[in-house]
file upload_27.txt (compact mmCIF, C-alpha atoms)
# COMPACT_ATOMS: atom_id res chain seq x y z
CA MET A 1 0.00 0.00 0.00
CA SER A 2 1.34 3.50 -0.80
CA SER A 3 2.02 6.01 2.02
CA ARG A 4 -0.85 8.19 0.81
CA MET A 5 -3.30 5.26 0.92
CA LYS A 6 -2.04 4.25 4.38
CA GLY A 7 -2.51 7.80 5.67
CA PHE A 8 -6.05 7.88 4.38
CA ALA A 9 -6.82 4.53 6.02
CA PHE A 10 -5.46 5.76 9.37
CA PHE A 11 -7.63 8.88 9.01
CA LEU A 12 -10.73 6.74 8.55
CA LEU A 13 -9.92 4.65 11.60
CA ALA A 14 -9.31 7.78 13.69
CA LEU A 15 -12.64 9.16 12.54
CA CYS A 16 -14.31 5.96 13.68
CA CYS A 17 -12.74 6.29 17.12
CA CYS A 18 -13.90 9.88 17.45
CA LEU A 19 -17.44 8.97 16.45
CA SER A 20 -17.45 6.09 18.90
CA GLY A 21 -16.25 8.28 21.77
CA THR A 22 -18.74 11.07 21.06
CA GLN A 23 -21.74 8.85 20.72
CA GLY A 24 -20.85 6.88 23.87
CA GLN A 25 -21.60 9.90 26.15
CA GLY A 26 -25.42 9.82 25.80
CA ASP A 27 -27.79 10.09 28.74
CA HIS A 28 -29.80 6.96 28.04
CA GLU A 29 -28.72 3.35 27.70
CA ASP A 30 -30.92 2.69 24.65
CA GLN A 31 -29.41 5.69 22.86
CA LYS A 32 -25.91 4.47 23.74
CA ALA A 33 -26.70 0.99 22.40
CA CYS A 34 -28.10 2.42 19.19
CA CYS A 35 -25.13 4.71 18.68
CA SER A 36 -22.71 1.89 19.43
CA SER A 37 -24.37 -0.31 16.82
CA ALA A 38 -24.30 2.46 14.20
CA THR A 39 -20.66 3.21 14.98
CA CYS A 40 -19.66 -0.45 14.58
CA SER A 41 -21.44 -0.59 11.23
CA LEU A 42 -19.72 2.58 10.10
CA MET A 43 -16.35 1.28 11.25
CA LYS A 44 -16.82 -1.91 9.24
CA GLU A 45 -17.74 0.07 6.13
CA LEU A 46 -14.78 2.41 6.55
CA THR A 47 -12.44 -0.52 7.16
CA SER A 48 -13.70 -2.20 3.98
CA ILE A 49 -13.14 1.02 2.05
CA ALA A 50 -9.62 1.29 3.44
CA GLU A 51 -8.83 -2.30 2.39
CA LYS A 52 -10.14 -1.67 -1.12
CA LEU A 53 -8.08 1.49 -1.37
CA GLY A 54 -5.04 -0.46 -0.22
CA ALA A 55 -5.61 -3.10 -2.92
CA MET A 56 -5.96 -0.36 -5.53
CA GLY A 57 -2.70 1.15 -4.34
CA GLU A 58 -0.91 -2.17 -4.78
CA LYS A 59 -2.32 -2.58 -8.30
CA LEU A 60 -1.21 0.93 -9.20
CA GLY A 61 2.25 0.13 -7.88
CA THR A 62 2.43 -3.01 -10.03
CA MET A 63 1.26 -1.07 -13.09
CA GLY A 64 3.97 1.50 -12.43
CA ASP A 65 6.62 -1.22 -12.27
CA ASN A 66 5.38 -2.73 -15.55
CA LEU A 67 5.39 0.70 -17.20
CA ARG A 68 8.99 1.32 -16.13
CA LEU A 69 9.96 -2.12 -17.49
CA MET A 70 8.32 -1.33 -20.84
CA GLU A 71 10.13 2.02 -20.97
CA THR A 72 13.44 0.24 -20.37
CA ARG A 73 12.75 -2.27 -23.15
CA LEU A 74 11.72 0.51 -25.54
CA GLN A 75 14.91 2.40 -24.80
CA THR A 76 16.94 -0.76 -25.43
CA SER A 77 15.20 -1.29 -28.80
CA GLU A 78 15.80 2.32 -29.78
CA ASN A 79 19.47 1.98 -28.91
CA GLU A 80 19.73 -1.17 -31.05
CA VAL A 81 18.08 0.60 -34.00
CA GLU A 82 20.46 3.53 -33.67
CA GLU A 83 23.43 1.17 -33.55
CA LEU A 84 22.20 -0.61 -36.69
CA LYS A 85 21.82 2.73 -38.45
CA ARG A 86 25.34 3.66 -37.42
CA LEU A 87 26.75 0.41 -38.79
CA THR A 88 24.88 0.64 -42.10
CA GLY A 89 25.15 4.39 -42.49
CA GLY A 90 21.36 4.62 -42.20
CA ARG A 91 20.93 3.08 -45.67
CA PRO A 92 18.77 0.00 -46.37
CA GLN A 93 20.73 -3.05 -47.53
CA VAL A 94 19.27 -5.38 -50.17
CA ALA A 95 21.29 -8.01 -52.06
CA PHE A 96 20.87 -11.62 -53.17
CA SER A 97 22.48 -14.29 -55.31
CA ALA A 98 21.24 -17.78 -56.16
CA THR A 99 21.79 -20.68 -58.54
CA LEU A 100 19.28 -22.99 -60.16
CA TRP A 101 19.61 -26.32 -58.36
CA GLU A 102 19.78 -26.78 -54.63
CA THR A 103 21.86 -29.99 -54.68
CA GLY A 104 25.34 -29.87 -56.16
CA ASP A 105 25.29 -33.45 -57.53
CA ALA A 106 22.18 -32.92 -59.71
CA THR A 107 22.53 -32.68 -63.47
CA GLY A 108 20.07 -32.31 -66.35
CA ASN A 109 17.62 -29.99 -68.04
CA THR A 110 14.90 -27.71 -66.69
CA GLY A 111 11.95 -27.57 -69.10
CA PRO A 112 10.38 -27.55 -71.55
CA PHE A 113 7.02 -26.23 -70.36
CA THR A 114 3.98 -25.26 -72.41
CA THR A 115 3.87 -21.73 -70.95
CA PRO A 116 6.56 -19.28 -69.77
CA ILE A 117 7.49 -19.82 -66.10
CA PRO A 118 9.79 -18.07 -63.59
CA LEU A 119 12.92 -20.11 -62.99
CA GLN A 120 13.27 -21.09 -59.34
CA TYR A 121 16.86 -20.54 -58.26
CA LYS A 122 16.75 -22.70 -55.15
CA LYS A 123 20.34 -22.65 -53.90
CA VAL A 124 20.72 -19.25 -52.23
CA PHE A 125 24.22 -17.89 -51.71
CA SER A 126 23.04 -14.67 -50.03
CA ASN A 127 19.76 -12.91 -49.39
CA THR A 128 20.28 -9.74 -47.36
CA GLY A 129 16.92 -8.13 -46.80
CA SER A 130 15.05 -11.38 -47.62
CA SER A 131 13.56 -9.88 -50.79
CA TYR A 132 14.29 -12.94 -52.93
CA ASN A 133 11.99 -15.98 -52.59
CA PRO A 134 13.65 -19.27 -53.65
CA ALA A 135 10.29 -21.06 -53.60
CA THR A 136 9.02 -18.88 -56.46
CA GLY A 137 12.21 -17.48 -58.02
CA ILE A 138 10.78 -13.97 -57.64
CA PHE A 139 12.52 -10.91 -56.19
CA THR A 140 10.05 -8.45 -54.60
CA ALA A 141 11.27 -4.93 -53.88
CA THR A 142 10.81 -3.80 -50.28
CA VAL A 143 12.67 -0.53 -50.83
CA LYS A 144 12.02 2.03 -53.56
CA GLY A 145 15.26 2.59 -55.43
CA MET A 146 17.62 1.85 -58.30
CA TYR A 147 18.62 -1.82 -58.63
CA TYR A 148 21.15 -3.89 -60.54
CA PHE A 149 20.23 -7.40 -61.78
CA HIS A 150 22.39 -10.00 -63.52
CA PHE A 151 21.60 -13.51 -64.76
CA THR A 152 23.39 -16.30 -66.63
CA MET A 153 22.18 -19.22 -68.76
CA MET A 154 23.59 -22.51 -70.06
CA ASN A 155 21.93 -23.99 -73.14
CA ASN A 156 20.39 -27.46 -73.24
CA LEU A 157 23.60 -29.23 -74.53
CA ASN A 158 21.78 -30.56 -77.58
CA THR A 159 22.01 -29.80 -81.29
CA PRO A 160 20.30 -27.63 -82.29
CA PRO A 161 20.18 -25.62 -79.01
CA ASN A 162 16.79 -24.58 -77.67
CA SER A 163 17.28 -22.14 -74.80
CA VAL A 164 15.65 -18.74 -74.20
CA VAL A 165 15.38 -16.90 -70.87
CA CYS A 166 14.25 -13.33 -70.20
CA LEU A 167 14.60 -11.00 -67.23
CA THR A 168 11.08 -9.86 -66.45
CA LYS A 169 9.63 -7.03 -64.35
CA ASN A 170 5.96 -7.26 -63.40
CA GLY A 171 5.30 -9.46 -66.44
CA GLN A 172 7.20 -7.20 -68.85
CA ARG A 173 10.27 -8.70 -70.56
CA LEU A 174 13.31 -6.47 -70.24
CA VAL A 175 16.42 -8.29 -71.57
CA SER A 176 17.06 -11.83 -72.80
CA VAL A 177 19.64 -14.52 -73.51
CA TRP A 178 19.03 -16.73 -76.56
CA ASP A 179 20.67 -19.81 -78.02
CA THR A 180 18.49 -21.48 -80.65
CA VAL A 181 20.73 -21.99 -83.70
CA GLY A 182 24.15 -23.48 -84.45
CA THR A 183 25.97 -26.74 -83.88
CA ASP A 184 27.79 -25.83 -80.66
CA ALA A 185 26.02 -27.51 -77.74
CA HIS A 186 28.09 -26.02 -74.93
CA ASP A 187 27.15 -22.35 -75.00
CA SER A 188 26.33 -20.02 -72.13
CA GLY A 189 25.38 -16.38 -71.96
CA SER A 190 24.48 -13.60 -69.56
CA ASN A 191 22.77 -10.23 -69.42
CA ALA A 192 22.15 -7.43 -66.91
CA VAL A 193 20.07 -4.31 -66.28
CA VAL A 194 19.90 -1.29 -63.99
CA ILE A 195 16.27 -0.39 -63.32
CA PRO A 196 14.18 1.65 -60.87
CA LEU A 197 11.73 -0.29 -58.71
CA GLU A 198 8.78 0.70 -56.58
CA VAL A 199 7.92 -1.16 -53.40
CA GLY A 200 6.11 -4.35 -54.41
CA ASP A 201 7.59 -4.62 -57.92
CA ASN A 202 8.51 -8.18 -58.94
CA VAL A 203 11.61 -9.18 -60.92
CA TYR A 204 12.41 -12.72 -62.10
CA VAL A 205 14.07 -14.74 -64.85
CA GLU A 206 11.50 -16.36 -67.09
CA LEU A 207 12.09 -19.55 -69.07
CA GLN A 208 10.16 -19.20 -72.30
CA ALA A 209 7.56 -21.71 -73.50
CA ASN A 210 8.92 -24.92 -75.05
CA ARG A 211 12.51 -23.95 -74.14
CA LEU A 212 14.96 -25.52 -71.68
CA VAL A 213 18.25 -24.91 -69.89
CA HIS A 214 20.93 -27.28 -68.60
CA ASP A 215 22.75 -27.25 -65.29
CA ASP A 216 24.95 -29.44 -63.10
CA ARG A 217 27.21 -29.09 -60.06
CA MET A 218 29.12 -26.27 -61.80
CA ASN A 219 26.09 -23.94 -61.34
CA TYR A 220 25.90 -22.30 -64.77
CA ASN A 221 22.50 -20.69 -64.26
CA THR A 222 22.50 -17.85 -61.73
CA PHE A 223 20.33 -14.90 -60.72
CA SER A 224 21.70 -12.00 -58.67
CA GLY A 225 20.75 -8.45 -57.78
CA PHE A 226 21.22 -5.67 -55.29
CA LEU A 227 20.06 -2.18 -54.37
CA LEU A 228 22.32 0.53 -55.75
CA PHE A 229 20.67 3.38 -53.84
CA PRO A 230 17.20 4.21 -52.48
CA MET A 231 15.09 6.92 -54.08
call {"tool": "encode", "arguments": {"input": "upload_27.txt", "output": "structure tokens"}}
result
Amino acid sequence: MSSRMKGFAFFLLALCCCLSGTQGQGDHEDQKACCSSATCSLMKELTSIAEKLGAMGEKLGTMGDNLRLMETRLQTSENEVEELKRLTGGRPQVAFSATLWETGDATGNTGPFTTPIPLQYKKVFSNTGSSYNPATGIFTATVKGMYYFHFTMMNNLNTPPNSVVCLTKNGQRLVSVWDTVGTDAHDSGSNAVVIPLEVGDNVYVELQANRLVHDDRMNYNTFSGFLLFPM
């Protein structure tokens, strides 16, 4: 119980005593009995009020302790955020790099499919900012800014070759790598772009319909990108 609550409780008890002493000086026994009964009832009520006030004081004290604990935790979180800003220069960091197959001993072709599909680069080398999703092969911008993307492709190792992939933004093809003619079955290629992205924009490498690419433990097919600067 707080000192203020205790003082109030003592005041109530003192008031009860005064009332009891005053009413006990009556001239008649029946009046004294009546006053004594009323005083006892009043004392009980005042005592109950004092107990309730004491319980409220304890609850308020507990709430104050919890509030101070929350303030301490908030201050700790703010300090951690400031330290992170100091280490990164206050700039958001977004970067990723992945290759097509998750297991290094796998070998073979991906495709063909009847419709264009995003290639799922499942082996992730890095993914700072967690903007790249290996389950879908899609990079989703979480920061508005200028980005750099790069991708590589190995053809299907057959004659004639039949490989076409395109870097795509929100369903729009930007740049491509082709290998569909010739007698050389061991060709690879790459391409890159620098593009602005809004938050929520999607970028991925799309394998075109009825085309295929080859890969093995050498990891010929890659997809990488990073934030150049926010805007």
call {"tool": "residues_around", "arguments": {"input": "upload_27.txt", "residues": "Gly182 (chain A)", "least_positions_apart": "5", "cutoff": "10 Å", "atoms": "all atoms listed in the file", "output": "PyMOL selection string"}}
result
chain A and resi 159-161+187
call {"tool": "closest_residue", "arguments": {"input": "upload_27.txt", "among": "A:Lys122, A:Arg68, A:Lys144, A:His150", "to": "Ser224 (chain A)", "atoms": "all atoms listed in the file"}}
result
A:His150
call {"tool": "closest_residue", "arguments": {"input": "upload_27.txt", "among": "A:Thr142, A:Asn79, A:Ser130, A:Thr99", "to": "Val205 (chain A)", "atoms": "all atoms listed in the file"}}
result
A:Thr99
call {"tool": "closest_residue", "arguments": {"input": "upload_27.txt", "among": "A:Pro196, A:Gly171, A:Pro112, A:Pro118", "to": "Asn210 (chain A)", "atoms": "only C-alpha atoms"}}
result
A:Pro112
call {"tool": "closest_residue", "arguments": {"input": "upload_27.txt", "among": "A:Gly61, A:Gly200, A:Pro230, A:Gly90", "to": "Ser131 (chain A)", "atoms": "only C-alpha atoms"}}
result
A:Gly200
call {"tool": "residues_around", "arguments": {"input": "upload_27.txt", "residues": "Met154 (chain A)", "least_positions_apart": "5", "cutoff": "9 Å", "atoms": "only C-alpha atoms", "output": "ChimeraX atom specification"}}
result
/A:163,179,186-190,213-215,220-221
call {"tool": "atom_distance", "arguments": {"input": "upload_27.txt", "atom1": "CA of Asn162 (chain A)", "atom2": "CA of Leu119 (chain A)"}}
result
15.8 Å
call {"tool": "atom_distance", "arguments": {"input": "upload_27.txt", "atom1": "CA of Val203 (chain A)", "atom2": "CA of Asn156 (chain A)"}}
result
23.7 Å
call {"tool": "atom_distance", "arguments": {"input": "upload_27.txt", "atom1": "CA of Gly225 (chain A)", "atom2": "CA of Ala192 (chain A)"}}
result
9.3 Å
